[in-house]
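Chemist: Quick one: this structure, given as structure tokens, is what I'll be asking you about.
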Amino acid sequence: TTQVGGTHYKDMAIQPIDFIHANNLGYMEGCAIKYICRHGKKNGKQDLEKAIHYLQLLIEKAYP
């Protein structure tokens, strides 16, 4: 998979988009995985907070 902009996914054994697609995950699950995978190489704590945000949204929508 080609990454446009940045290198935060480049060295991963499995690109997040490939994992998300192969497992037929939804938008919110995919976003959470993406932010968890990149936090160490891009935006640190902010990426983890974004992952938590998407998981909270998923809980609200899937388990009202």
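Naming scheme: A, B, ... for chains in displayed order of the structure tokens; residues 1 onward per chain; ligands 1 onward as shown.
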Show which residues sit within 10 Å of Glu49 (chain A), as a ChimeraX atom specification. Count only C-alpha atoms, and ignore same-chain residues fewer than 3 positions away.

Modeler: /A:32,35-36,39,43-46,52-55

Chemist: Output the selection as a tab-separated table (two decimals), in the first residue's frame - N, CA, C and O atoms for each residue.

Modeler:
```tsv
chain	number	residue	atom	x	y	z
A	32	ALA	N	-9.99	4.08	14.99
A	32	ALA	CA	-9.33	3.77	16.27
A	32	ALA	C	-8.04	3.00	16.02
A	32	ALA	O	-6.99	3.33	16.59
A	35	TYR	N	-5.26	5.30	14.53
A	35	TYR	CA	-4.64	6.20	15.51
A	35	TYR	C	-3.78	5.45	16.52
A	35	TYR	O	-2.72	5.92	16.92
A	36	ILE	N	-4.22	4.26	16.92
A	36	ILE	CA	-3.41	3.45	17.85
A	36	ILE	C	-2.08	3.07	17.19
A	36	ILE	O	-1.02	3.17	17.80
A	39	HIS	N	0.45	6.34	16.83
A	39	HIS	CA	0.72	7.28	17.91
A	39	HIS	C	2.20	7.42	18.24
A	39	HIS	O	2.67	8.51	18.54
A	43	ASN	N	1.62	11.69	16.37
A	43	ASN	CA	1.11	12.72	17.29
A	43	ASN	C	1.00	12.28	18.75
A	43	ASN	O	0.32	12.93	19.53
A	44	GLY	N	1.64	11.17	19.10
A	44	GLY	CA	1.70	10.74	20.50
A	44	GLY	C	0.36	10.67	21.20
A	44	GLY	O	-0.58	10.06	20.71
A	45	LYS	N	0.28	11.32	22.34
A	45	LYS	CA	-0.90	11.28	23.20
A	45	LYS	C	-2.16	11.70	22.44
A	45	LYS	O	-3.23	11.12	22.64
A	46	GLN	N	-2.05	12.69	21.57
A	46	GLN	CA	-3.22	13.17	20.83
A	46	GLN	C	-3.82	12.06	19.97
A	46	GLN	O	-5.05	11.94	19.88
A	52	ILE	N	-9.43	6.85	21.47
A	52	ILE	CA	-10.42	6.72	22.55
A	52	ILE	C	-11.73	7.38	22.13
A	52	ILE	O	-12.82	6.84	22.37
A	53	HIS	N	-11.65	8.53	21.49
A	53	HIS	CA	-12.84	9.25	21.03
A	53	HIS	C	-13.65	8.37	20.08
A	53	HIS	O	-14.87	8.25	20.21
A	54	TYR	N	-12.97	7.74	19.11
A	54	TYR	CA	-13.69	6.88	18.17
A	54	TYR	C	-14.27	5.66	18.86
A	54	TYR	O	-15.37	5.21	18.50
A	55	LEU	N	-13.59	5.12	19.85
A	55	LEU	CA	-14.14	3.99	20.60
A	55	LEU	C	-15.36	4.41	21.42
A	55	LEU	O	-16.34	3.67	21.51
```

Chemist: Calculate how many Å separate CA of Tyr63 (chain A) from CA of Tyr27 (chain A), rounding to one decimal.

Modeler: 16.0 Å

Chemist: So, with only C-alpha atoms as the atoms that count, which of A:Ala62, A:Gln56, A:Lys41, A:Cys31 lies closest to Phe19 (chain A)?

Modeler: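 Of A:Ala62, A:Gln56, A:Lys41, A:Cys31, the one nearest Phe19 (chain A) is A:Cys31, counting only C-alpha atoms.
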
Chemist: Pick out each residue of chain A that DSSP on the backbone tags as alpha helix (DSSP H); I need them as a PyMOL selection string.

Modeler: chain A and resi 16-22+27-38+45-62

Chemist: Tell me which protein, DNA and RNA residues are within 10 Å of His21 (chain A), counting only C-alpha atoms, leaving out same-chain ones fewer than 5 positions away, and put them as a list of chain:residue names.

Modeler: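 In the requested form, the answer reads A:Pro16, A:Gly26, A:Gly30.
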
Chemist: Determine the nearest neighbour of Ile14 (chain A) from the options A:Gly40, A:Leu48, A:Glu60, A:Ile33, counting only C-alpha atoms.

Modeler: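 Ranked by minimum distance to Ile14 (chain A), first place goes to A:Ile33.
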
Chemist: I'd like the interatomic distance between CA of Ile20 (chain A) and CA of Pro64 (chain A), to a tenth of an Å.

Modeler: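 Atom-to-atom, CA of Ile20 (chain A) to CA of Pro64 (chain A), that is 24.2 Å.
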
Chemist: Using only C-alpha atoms for the distances, tell me which of A:Lys61, A:Asn23, A:Asp18, A:Lys50 is nearest to Arg38 (chain A).

Modeler: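 Answer, going by the shortest atom-to-atom distance: A:Lys50.
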
Chemist: One decimal, in Å: what's the spacing between CA of Asp11 (chain A) and CA of Leu57 (chain A)?

Modeler: 29.2 Å
